[in-house]
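First comes the structure, then the notes that go with it.
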Amino acid sequence: MFKEIWKKRAELVEKNLLVELKKNPALEEKLSNAMEYSLMAGGKRLRPILLMASADAVNGTGENFLTVATSIEMIHTYSLIHDDLPAMDNDDYRRGKLTNHKVFGEATAILAGDALLTLAFEVMTRQENVEPKILLQVVKEMSTAAGESGMVGGQSIDIESEGKKIDMATLKKMHVGKTGALFKAAIRSGAILAGANSEQLDALTIYAEKFGLAFQITDDILDVVGDEKILGKPIGSDAQNNKSTYVTLTSLETAKNLAQQAVDDAVDALKIFGAEADFLRELVKNLIGRNK
């Protein structure tokens, strides 16, 4: 059931991404192609699926919020395009394909990322059957997660930390912004859209924080022991770029234990929910042992 739900909803997101992308007439073909190239390059569609699953957990129907779910994937894709740029992580491959700037050039890649970020907020406003004040609350969640208090701020710490050995507190702060913020926004937004009460929202916020931590630690582990063909990008890039990670600041074994603890804490945060949160429970458990 878990895999079937994931597959169905990933397909819904996939179709709707293209629908929303094509609603605006393209002003310039190269830019439009660059946006579509990265947006439709595959991926797990994890953040939209988290948003819908969170809505389910508070007895909503996640698929009713497909439009907002689609928008968060646009924000995520923008961040990947920019992360891969020569001035950032300088990566040549993403999801087994050449990165955006390798295909379209650095300037167009920057603009494609900018365009996807701004389009995301336009798409959010197309969500139907949600009160304006609720939708504004979700827009705030998303914009905070994407900005200097979230992804951009985390990326800034990452850049400033390159080539330096940082402490665990700085590492956590970096990843809470760079990786965890958008997970948290997805989960909180799904709950808010579905009418969560304060107890439910608090529990899902803790779940989101632990989910983000488990995901990042596992990402650091995969950069050491992962399979490049499965990951779709080179492994060992953290060591090559002299980056501090949960593995380098502790050890591979300790990092694995930390990831498992974060998963356990995430599952525990859902104890106020019944079977309606089972998908979220399975989702975080599947982080351990994932290969991409």
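Ordering of the structure tokens sets the chain letters (A, B, ...), residue numbers begin anew at 1 in every chain, and ligands are numbered from 1 in the order given.
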Do you have, as CSV, the list of residues of segment 21-44 of chain A lying at most 12 Å from segment 105-111 of chain A, each with its nearest atom pair and that distance in Å to one decimal, counting only C-alpha atoms and ordered by chain then number?
```
residue,atom,partner,partner_atom,distance
A:Glu28,CA,A:Thr108,CA,10.7
A:Glu29,CA,A:Thr108,CA,11.0
A:Lys30,CA,A:Thr108,CA,7.7
A:Leu31,CA,A:Thr108,CA,6.2
A:Ser32,CA,A:Thr108,CA,9.7
A:Asn33,CA,A:Thr108,CA,9.9
A:Ala34,CA,A:Ala109,CA,6.8
A:Met35,CA,A:Ala109,CA,8.2
A:Glu36,CA,A:Ala109,CA,11.3
A:Tyr37,CA,A:Ala109,CA,10.3
A:Ser38,CA,A:Ala109,CA,9.5
```
For this session: Could you please write out, as a PyMOL selection string, every residue of segment 43-277 of chain A that DSSP assigns to helix (DSSP H, G or I)?
Result: chain A and resi 46-57+62-83+100-104+106-124+132-146+151-161+168-193+198-225+228-231+237-240+246-249+252-269+275-277
Exercise. What gap, in Å, lies between atom CA of Gly154 of chain A and atom CA of Met174 of chain A?
Worked result: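 Answer for the atom CA of Gly154 of chain A to atom CA of Met174 of chain A separation: 4.4 Å.
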Exercise. Atom CA of Val267 of chain A to atom CA of Ala214 of chain A: how many Å, to one decimal?
Worked result: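 So the answer is 11.5 Å.
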Exercise. Could you pull the residues within 9 Å of Leu50 of chain A, counting only C-alpha atoms, minus those fewer than 5 positions along the same chain, as a list in words?
Worked result: Arg45, Ala55, Ala69, Phe183, Ala186, Ile187, Gly190, Leu280 and Leu283 of chain A
For the residues in the current selection, export N, CA and C atoms as a compact mmCIF listing (two decimals), in the first residue's frame.
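See out_25.txt below for the written result:
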```
# COMPACT_ATOMS: atom_id res chain seq x y z
N ARG A 45 9.87 13.25 -5.81
CA ARG A 45 8.72 14.12 -5.52
C ARG A 45 8.35 14.02 -4.03
N ALA A 55 -1.50 16.25 5.32
CA ALA A 55 -2.93 16.58 5.27
C ALA A 55 -3.77 15.35 5.62
N ALA A 69 1.06 21.43 -3.43
CA ALA A 69 2.09 20.39 -3.43
C ALA A 69 3.00 20.54 -4.65
N PHE A 183 11.35 20.66 4.06
CA PHE A 183 10.61 19.52 4.58
C PHE A 183 9.59 20.00 5.62
N ALA A 186 6.72 21.84 4.01
CA ALA A 186 5.81 20.92 3.32
C ALA A 186 4.86 20.26 4.32
N ILE A 187 5.42 19.75 5.40
CA ILE A 187 4.63 19.02 6.39
C ILE A 187 3.67 19.94 7.14
N GLY A 190 0.81 21.14 4.71
CA GLY A 190 -0.23 20.13 4.51
C GLY A 190 -1.19 20.08 5.68
N LEU A 280 3.18 8.44 6.92
CA LEU A 280 4.30 9.24 7.44
C LEU A 280 5.25 8.37 8.25
N LEU A 283 7.24 6.34 5.82
CA LEU A 283 8.11 7.22 5.03
C LEU A 283 9.42 7.49 5.76
```
Exercise. Looking at only C-alpha atoms, which of A:Asp56, A:Glu131, A:Lys243, A:Gln200 is the one that sits closest to Lys165 of chain A?
Worked result: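 The answer is A:Lys243, which sits nearest to Lys165 of chain A.
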Problem set entry | Which residue of A:Thr118, A:Lys178, A:Ile192, A:Gly147 approaches Val130 of chain A most closely, using only C-alpha atoms |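 Closest candidate: A:Ile192.
Atom pair atom CA of Ala112 of chain A / atom CA of Val138 of chain A: separated by 23.6 Å.
You can rank A:Lys256, A:Lys22, A:Lys184, A:His76 by their closest distance to Ile217 of chain A using only C-alpha atoms, and at the top of that list sits A:Lys256.
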Determine, counting only C-alpha atoms, which protein, DNA and RNA residues have an atom within 8 Å of an atom of segment 287-290 of chain A; residues of the same chain fewer than 2 positions away are not included. Present the result as an mmCIF file with C-alpha atoms, in the first residue's frame.
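After the write, out_10.cif holds the following:
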```cif
data_model
loop_
_atom_site.group_PDB
_atom_site.id
_atom_site.type_symbol
_atom_site.label_atom_id
_atom_site.label_comp_id
_atom_site.auth_asym_id
_atom_site.auth_seq_id
_atom_site.Cartn_x
_atom_site.Cartn_y
_atom_site.Cartn_z
ATOM 1 C CA ALA A 214 17.369 11.745 9.485
ATOM 2 C CA PHE A 215 17.317 12.632 5.791
ATOM 3 C CA THR A 218 21.548 9.581 5.586
ATOM 4 C CA ALA A 259 20.041 8.697 11.846
ATOM 5 C CA GLN A 260 18.236 5.785 13.513
ATOM 6 C CA VAL A 263 13.818 8.177 12.807
ATOM 7 C CA LEU A 283 8.113 7.217 5.030
ATOM 8 C CA VAL A 284 10.568 8.159 7.762
ATOM 9 C CA LYS A 285 11.430 4.496 8.456
ATOM 10 C CA LYS A 292 19.253 7.513 -3.331
#
```
For this session: Go through A:Val58, A:Met124, A:Met40, A:Ala266 and flag the residue nearest Ser198 of chain A, using only C-alpha atoms for the distances.
Result: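 Using only C-alpha atoms, the shortest distance to Ser198 of chain A belongs to A:Val58.
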For this session: Determine which residues of segment 4-182 of chain A receive a DSSP assignment of strand (DSSP E or B), computed from the backbone, and state them as a PyMOL selection string.
Result: chain A and resi 93-94+97-98
For this session: Using only C-alpha atoms, pick whichever of A:Ala196, A:Leu135, A:Leu51, A:Ser244 has the shortest atom-to-atom distance to Glu160 of chain A.
Result: A:Ser244
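Proximity to Ser143 of chain A was assessed for A:Val225, A:Leu18, A:Ala120, A:Leu39 counting only C-alpha atoms; the smallest distance is recorded for A:Ala120.
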Problem set entry | All residues 10 Å or closer to Val247 of chain A, only C-alpha atoms, same chain fewer than 2 positions away omitted, as an MDAnalysis selection string | chainID A and resid 217:224 244:245 249:256
Problem set entry | Shell of 12 Å around segment 3-15 of chain A, only C-alpha atoms, local chain residues under 3 positions omitted, as a PyMOL selection string | chain A and resi 18-22+36+39-53+56+61-74+278-280+282-283+286
